[in-house]
Amino acid sequence: MRTPIITLTTDFGLTDHYVGAMKGVILSVCAQARIVDITHHVAPFQIAEAAWLIAQAYPYFRKDTVNVVVVDPGVGSARRPVLVQAAGQYFVGPDNGVFSLVCSREKYKARVISNEKYFRRPVSRTFHGRDIFAPVAAHLAAGVSASTMGKLVADLVCGPFEKPRQVTEHSWAGVILKIDHFGNIVTNFHLGDFPGLEPHQLAVSIGSRRITKLAQNYAESTTGELFLIPGSSGYLEVSVNQGSAAGQIGCKAGEPVEITVG
Amino acid sequence: MRTPIITLTTDFGLTDHYVGAMKGVILSVCAQARIVDITHHVAPFQIAEAAWLIAQAYPYFRKDTVNVVVVDPGVGSARRPVLVQAAGQYFVGPDNGVFSLVCSREKYKARVISNEKYFRRPVSRTFHGRDIFAPVAAHLAAGVSASTMGKLVADLVCGPFEKPRQVTEHSWAGVILKIDHFGNIVTNFHLGDFPGLEPHQLAVSIGSRRITKLAQNYAESTTGELFLIPGSSGYLEVSVNQGSAAGQIGCKAGEPVEITVG
Amino acid sequence: MRTPIITLTTDFGLTDHYVGAMKGVILSVCAQARIVDITHHVAPFQIAEAAWLIAQAYPYFRKDTVNVVVVDPGVGSARRPVLVQAAGQYFVGPDNGVFSLVCSREKYKARVISNEKYFRRPVSRTFHGRDIFAPVAAHLAAGVSASTMGKLVADLVCGPFEKPRQVTEHSWAGVILKIDHFGNIVTNFHLGDFPGLEPHQLAVSIGSRRITKLAQNYAESTTGELFLIPGSSGYLEVSVNQGSAAGQIGCKAGEPVEITVG
């Protein structure tokens with residue numbers, strides 16, 4: 001049997017016992033599972049950030065991986081637990097939009113998780129990560145079939161999947177998706193969506209700053225100089241050699257960017 | 001043979017090589033072990049916090065799990081290394097009270113770890129996590145019997161296990177056990193200890209703030225409103241929907257709370 | 001077959017998907033691998049810190065461990081990817097000095113990694129951790145021989161490996177290697193390099209502070225008192241019982257220290 005792989009993406013942080021409790025539940029069901037933390041530092045309750053992060057991570061995992069995402073401000077309310085099958089993998093979490101970007105890219109099937117046989121009992125009203133998502137993921141990893149978990153649904157919650165909006169013939173209005181650990185500014189301009197376009201034709205404006213220089217790697221620029229770079233996931237990024245571009249510009253995730261051509 | 005599970009709870013943080021070195025020692029003895037980090041962010045030297053965290057985590061792990069706790073301001077002094085057997089699991093760490101809450105809940109046996117055969121040599125005076133606790137845990141995980149590690153002792157150090165103290169017929173004096181990553185305020189009022197009491201009868205006072213509203217889940221309240229909620233581990237908590245209750249009140253772990261009924 | 005072990009040391013932090021993506025790539029090649037995080041909190045682009053951390057960690061791992069180090073400001077430029085064999089283990093990363101301390105201690109062989117068969121394709125210009133180092137490490141862990149990866153080279157980049165410099169008959173000029181999570185000040189004065197010297201003969205000066213008291217463990221001193229202590233890796237450290245020595249003195253990694261004898 002193949003070694004099962006389970007990934008975890010949450011906003012739980014690492015100072016509490018919450019992540020550990022989920023792993024204990026998983027290993028109690030499926031001790032063979034390899035558990036990989038994508039991150040537990042999603043900003044609290046930020047569904048869009050979680051949706052983006054899992055969409056960046058899953059392509060590097062193999063078929064049958066079970067991805068658990070728990071950013072869940074509506075835990076204990078009427079929001080449904082869901083299981084999404086896409087790209088040969090499983091996605092388990094709350095039905096609040098965390099799988100929006102995965103589902104905008106891939107053919108998918110979604111099920112409401114309703115088979116309480118696979119829940120940890122009693123189910124707390126505030127920690128479905130431990131009592132529903134972890135054990136369901138572990139049972140999937142152990143070979144229980146997806147169809148056992150609940151019925152197919154056609155109304156999966158999909159949040160806004162913001163792509164840049166074309167404003168004039170030569171300009172798009174975009175947004176900062178994420179500031180990464182190094183201070184790189186990741187825009188929502190995915191080069192794969194603009195096949196005719198050469199990156200060297202582009203300019204990006206953030207606030208009053210306009211960046212036109214294109215680099216192919218970080219070392220190509222002089223220290224301190226802002227430049228555009230095709231990021232490792234295909235999005236256009238603004239970076240600075242050995243420094244924080246976001247710190248230099250003073251910008252945050254969610255803020256607008258303008259992309260112009262020519 | 002069952003896959004062995006070892007959990008780690010320390011105040012080592014994640015910026016140094018200390019946790020990695022412990023894992024290297026564990027895997028050198030028992031490469032099959034699954035190692036689960038509960039947290040490495042216990043506040044430095046805070047034995048009571050470590051005692052609380054491991055007590056919240058172990059119930060979700062299966063029989064035979066080896067739990068290593070290293071919050072150890074007395075490392076290298078006369079304080080003893082101990083092995084506690086409780087709830088079908090093993091607990092390995094310094095004899096300074098880190099297992100107080102586990103032992104207040106469970107029938108247990110405690111041994112002083114004295115069999116140097118299972119230590120990493122030479123034993124440093126400042127890092128018993130690497131040289132004593134990690135290798136002993138790994139040997140236990142690999143099947144060495146607990147009795148081999150040292151003799152039973154009856155005088156395990158047990159710190160104050162603060163339960164709320166009844167002050168009047170209708171009020172108890174309690175304490176804030178922990179502020180979690182979201183800013184939820186976890187009190188030491190465990191609902192399981194008060195079987196006759198209905199949560200909706202309760203009020204909690206912290207400083208000049210009195211919280212009386214009870215919610216069953218976070219989404220039930222309007223954003224910004226403080227409420228009481230039975231937490232996922234059974235303790236009464238003060239929360240706020242999509243915000244930090246501790247930030248709003250301005251309180252810290254260790255501060256007093258008053259619980260009143262009726 | 002022995003369980004393969006892969007360690008990771010990076011400056012990626014834990015808030016992005018970067019570490020998760022590397023692990024996905026590793027497990028896609030070698031699902032049996034045990035992956036151990038040494039740290040992902042190397043200060044961004046600090047090669048010397050990474051070199052020090054991996055040198056502290058590898059001695060606790062067993063033969064055949066594959067250590068991946070990715071602190072890589074020159075990613076995508078002409079700097080070479082390298083594979084170092086030392087101490088019966090493998091070291092995979094950029095040829096920028098991250099293996100300097102390992103190679104100053106051990107007999108080693110170095111190879112330029114050139115066999116693109118083991119790369120993830122296409123290779124991005126900004127994330128060789130995911131596209132080169134992770135898959136090469138995983139193939140090594142899975143049993144591919146080192147010689148398959150590329151040719152031996154004799155010009156591995158080795159950064160300055162600063163040892164204390166003797167200034168007078170009785171004094172050495174040293175440096176602070178690292179402030180650890182507790183605020184312990186790790187100097188570059190390794191006691192193993194001065195076999196004739198007794199620690200109690202030493203004094204350390206940092207700025208205007210001179211520390212002469214020697215302790216064998218943290219608990220030996222009164223709270224608040226600075227003292228010298230032989231650290232768990234053999235370096236002379238300055239500590240304070242249950243407090244931050246670096247915070248008390250106000251010093252940082254890289255600052256000078258003076259060691260005097262007698």
# chains A, B, ... in the order shown; residues from 1 in each chain; ligands from 1
>>> select_by_dssp(residues="region 213-253 of chain C", states="alpha helix (DSSP H)", output="ChimeraX atom specification")
/C:245-249
>>> closest_atom_pairs(of="chain B", to="chain C", cutoff="12 Å", atoms="only C-alpha atoms", output="Markdown table")
| residue | atom | partner | partner_atom | distance |
| --- | --- | --- | --- | --- |
| B:Thr10 | CA | C:His181 | CA | 11.8 |
| B:Asp11 | CA | C:Phe182 | CA | 8.7 |
| B:Phe12 | CA | C:His181 | CA | 6.6 |
| B:Gly13 | CA | C:His181 | CA | 6.0 |
| B:Leu14 | CA | C:Thr39 | CA | 6.0 |
| B:Thr15 | CA | C:His41 | CA | 5.2 |
| B:Asp16 | CA | C:Asp180 | CA | 6.2 |
| B:His17 | CA | C:Ile38 | CA | 5.6 |
| B:Tyr18 | CA | C:Ala57 | CA | 7.8 |
| B:Val19 | CA | C:Ile38 | CA | 7.0 |
| B:Gly20 | CA | C:Ile38 | CA | 4.5 |
| B:Ala21 | CA | C:Ala57 | CA | 5.4 |
| B:Met22 | CA | C:Tyr60 | CA | 7.7 |
| B:Lys23 | CA | C:Val36 | CA | 7.2 |
| B:Gly24 | CA | C:Phe61 | CA | 4.5 |
| B:Val25 | CA | C:Tyr60 | CA | 5.5 |
| B:Ile26 | CA | C:Phe61 | CA | 9.0 |
| B:Leu27 | CA | C:Phe61 | CA | 7.5 |
| B:Ser28 | CA | C:Arg62 | CA | 5.6 |
| B:Val29 | CA | C:Arg62 | CA | 9.2 |
| B:Cys30 | CA | C:Thr3 | CA | 9.8 |
| B:Ala31 | CA | C:Thr3 | CA | 6.2 |
| B:Gln32 | CA | C:Thr3 | CA | 7.2 |
| B:Ala33 | CA | C:Arg34 | CA | 9.4 |
| B:Arg34 | CA | C:Arg34 | CA | 8.7 |
| B:Ile35 | CA | C:Val36 | CA | 9.3 |
| B:Val36 | CA | C:Val36 | CA | 10.8 |
| B:Asp37 | CA | C:Asp37 | CA | 11.0 |
| B:His40 | CA | C:His181 | CA | 10.7 |
| B:His41 | CA | C:His181 | CA | 10.0 |
| B:Val42 | CA | C:Phe182 | CA | 11.6 |
| B:Ala43 | CA | C:Phe182 | CA | 9.8 |
| B:Pro44 | CA | C:Phe182 | CA | 6.9 |
| B:Phe45 | CA | C:Gln242 | CA | 6.7 |
| B:Gln46 | CA | C:Gln242 | CA | 9.8 |
| B:Ile47 | CA | C:Gln242 | CA | 11.9 |
| B:Val71 | CA | C:Gln242 | CA | 11.2 |
| B:Asp72 | CA | C:Ala219 | CA | 9.7 |
| B:Pro73 | CA | C:Ala219 | CA | 6.6 |
| B:Gly74 | CA | C:Ala219 | CA | 5.1 |
| B:Val75 | CA | C:Asn217 | CA | 6.7 |
| B:Gly76 | CA | C:Asn217 | CA | 5.2 |
| B:Ser77 | CA | C:Ala219 | CA | 6.2 |
| B:Ala78 | CA | C:Ala219 | CA | 9.3 |
| B:Arg79 | CA | C:Ala219 | CA | 9.9 |
| B:Arg120 | CA | C:Tyr60 | CA | 10.0 |
| B:Arg121 | CA | C:Tyr60 | CA | 11.7 |
| B:Pro122 | CA | C:Ser232 | CA | 10.4 |
| B:Val123 | CA | C:Ser232 | CA | 9.1 |
| B:Ser124 | CA | C:Ser232 | CA | 5.8 |
| B:Arg125 | CA | C:Asn217 | CA | 5.7 |
| B:Thr126 | CA | C:Asn217 | CA | 5.9 |
| B:Phe127 | CA | C:Ser232 | CA | 6.0 |
| B:His128 | CA | C:Ser232 | CA | 9.3 |
| B:Gly129 | CA | C:Ser232 | CA | 10.7 |
| B:Arg130 | CA | C:Tyr60 | CA | 8.9 |
| B:Asp131 | CA | C:Ser232 | CA | 9.7 |
| B:Ala134 | CA | C:Tyr60 | CA | 11.2 |
| B:Pro135 | CA | C:Tyr60 | CA | 11.1 |
>>> residues_around(residues="region 189-202 of chain A", least_positions_apart="2", cutoff="9 Å", atoms="only C-alpha atoms", output="PyMOL selection string")
chain A and resi 163-164+172+174-175+186-187+204+211-215+228-230+233-237+259-262
>>> atom_distance(atom1="CA of Gly93 (chain A)", atom2="CA of Val70 (chain A)")
5.7 Å
>>> residues_around(residues="region 82-90 of chain C", least_positions_apart="5", cutoff="8 Å", atoms="only C-alpha atoms", output="ChimeraX atom specification")
/C:62-67,95,99,102-103,106-113,146,149
>>> atom_distance(atom1="CA of Val68 (chain B)", atom2="CA of Gly159 (chain B)")
17.9 Å
>>> closest_residue(among="C:Gly183, C:Ala137, C:Ala154, C:Val98", to="Ala50 (chain C)", atoms="only C-alpha atoms")
C:Val98
>>> residues_around(residues="Arg209 (chain A)", least_positions_apart="4", cutoff="12 Å", atoms="only C-alpha atoms", output="tab-separated table (two decimals) with all heavy atoms, in the first residue's frame")
chain	number	residue	atom	x	y	z
A	203	ALA	N	4.75	46.97	-16.89
A	203	ALA	CA	5.11	47.84	-15.77
A	203	ALA	C	4.05	47.65	-14.70
A	203	ALA	O	2.89	47.37	-15.00
A	203	ALA	CB	5.17	49.30	-16.21
A	204	VAL	N	4.46	47.76	-13.43
A	204	VAL	CA	3.53	47.61	-12.32
A	204	VAL	C	3.59	48.87	-11.48
A	204	VAL	O	4.67	49.35	-11.16
A	204	VAL	CB	3.89	46.37	-11.47
A	204	VAL	CG1	3.12	46.39	-10.15
A	204	VAL	CG2	3.59	45.09	-12.23
A	205	SER	N	2.39	49.42	-11.16
A	205	SER	CA	2.33	50.58	-10.26
A	205	SER	C	1.66	50.17	-8.96
A	205	SER	O	0.60	49.54	-8.96
A	205	SER	CB	1.54	51.72	-10.91
A	205	SER	OG	2.20	52.14	-12.10
A	226	LEU	N	14.16	48.01	-6.82
A	226	LEU	CA	12.92	47.26	-7.04
A	226	LEU	C	12.88	46.72	-8.46
A	226	LEU	O	13.28	47.40	-9.41
A	226	LEU	CB	11.70	48.17	-6.83
A	226	LEU	CG	11.46	48.63	-5.39
A	226	LEU	CD1	10.46	49.78	-5.36
A	226	LEU	CD2	10.94	47.47	-4.53
A	227	PHE	N	12.38	45.50	-8.61
A	227	PHE	CA	12.25	44.95	-9.97
A	227	PHE	C	11.06	43.99	-10.03
A	227	PHE	O	10.57	43.52	-9.00
A	227	PHE	CB	13.53	44.25	-10.40
A	227	PHE	CG	14.00	43.17	-9.46
A	227	PHE	CD1	13.51	41.87	-9.57
A	227	PHE	CD2	14.93	43.46	-8.47
A	227	PHE	CE1	13.95	40.88	-8.70
A	227	PHE	CE2	15.37	42.47	-7.60
A	227	PHE	CZ	14.87	41.19	-7.72
A	238	VAL	N	6.86	41.69	-7.33
A	238	VAL	CA	7.78	42.82	-7.19
A	238	VAL	C	8.75	42.47	-6.07
A	238	VAL	O	8.32	42.11	-4.96
A	238	VAL	CB	7.04	44.13	-6.86
A	238	VAL	CG1	8.02	45.28	-6.68
A	238	VAL	CG2	6.04	44.45	-7.96
A	245	ALA	N	10.72	44.14	-0.53
A	245	ALA	CA	10.05	45.08	-1.44
A	245	ALA	C	8.84	45.71	-0.77
A	245	ALA	O	8.60	46.91	-0.90
A	245	ALA	CB	9.64	44.35	-2.73
A	246	ALA	N	8.08	44.91	-0.03
A	246	ALA	CA	6.88	45.44	0.64
A	246	ALA	C	7.25	46.47	1.69
A	246	ALA	O	6.58	47.49	1.85
A	246	ALA	CB	6.08	44.30	1.27
A	248	GLN	N	9.91	48.36	1.60
A	248	GLN	CA	10.42	49.55	0.91
A	248	GLN	C	9.27	50.40	0.37
A	248	GLN	O	9.29	51.63	0.47
A	248	GLN	CB	11.36	49.10	-0.21
A	248	GLN	CG	12.18	50.22	-0.79
A	248	GLN	CD	13.28	49.70	-1.70
A	248	GLN	OE1	13.98	48.74	-1.36
A	248	GLN	NE2	13.45	50.31	-2.85
A	249	ILE	N	8.26	49.72	-0.20
A	249	ILE	CA	7.13	50.46	-0.77
A	249	ILE	C	6.12	50.84	0.31
A	249	ILE	O	5.48	51.89	0.24
A	249	ILE	CB	6.44	49.63	-1.88
A	249	ILE	CG1	7.41	49.40	-3.05
A	249	ILE	CG2	5.15	50.28	-2.35
A	249	ILE	CD1	6.84	48.61	-4.20
A	250	GLY	N	6.00	49.98	1.31
A	250	GLY	CA	5.01	50.22	2.35
A	250	GLY	C	3.62	49.81	1.90
A	250	GLY	O	2.68	50.60	1.94
A	251	CYS	N	3.49	48.53	1.47
A	251	CYS	CA	2.17	48.08	1.00
A	251	CYS	C	1.80	46.76	1.67
A	251	CYS	O	2.63	46.10	2.28
A	251	CYS	CB	2.19	47.92	-0.52
A	251	CYS	SG	3.45	46.77	-1.09
A	257	VAL	N	-3.01	47.10	-7.40
A	257	VAL	CA	-1.85	47.33	-8.27
A	257	VAL	C	-2.38	47.61	-9.67
A	257	VAL	O	-3.47	47.17	-10.03
A	257	VAL	CB	-0.89	46.12	-8.31
A	257	VAL	CG1	-0.33	45.81	-6.93
A	257	VAL	CG2	-1.58	44.89	-8.89
A	258	GLU	N	-1.63	48.35	-10.45
A	258	GLU	CA	-2.01	48.58	-11.85
A	258	GLU	C	-0.91	48.01	-12.74
A	258	GLU	O	0.28	48.26	-12.50
A	258	GLU	CB	-2.17	50.08	-12.12
A	258	GLU	CG	-2.73	50.34	-13.51
A	258	GLU	CD	-2.61	51.81	-13.93
A	258	GLU	OE1	-1.68	52.49	-13.46
A	258	GLU	OE2	-3.45	52.25	-14.74
A	259	ILE	N	-1.32	47.23	-13.71
A	259	ILE	CA	-0.35	46.66	-14.64
A	259	ILE	C	-0.57	47.30	-16.01
A	259	ILE	O	-1.70	47.34	-16.51
A	259	ILE	CB	-0.52	45.13	-14.75
A	259	ILE	CG1	-0.21	44.48	-13.40
A	259	ILE	CG2	0.42	44.54	-15.80
A	259	ILE	CD1	-1.39	43.89	-12.73
>>> select_by_dssp(residues="region 6-215 of chain B", states="strand (DSSP E or B)", output="PyMOL selection string")
chain B and resi 6-10+34-39+66-70+81-86+89-94+108-112+152-153+165-168+171-179+185-190+202-206+209-211+214
>>> atom_distance(atom1="CA of Gly224 (chain A)", atom2="CA of Ile185 (chain A)")
14.7 Å
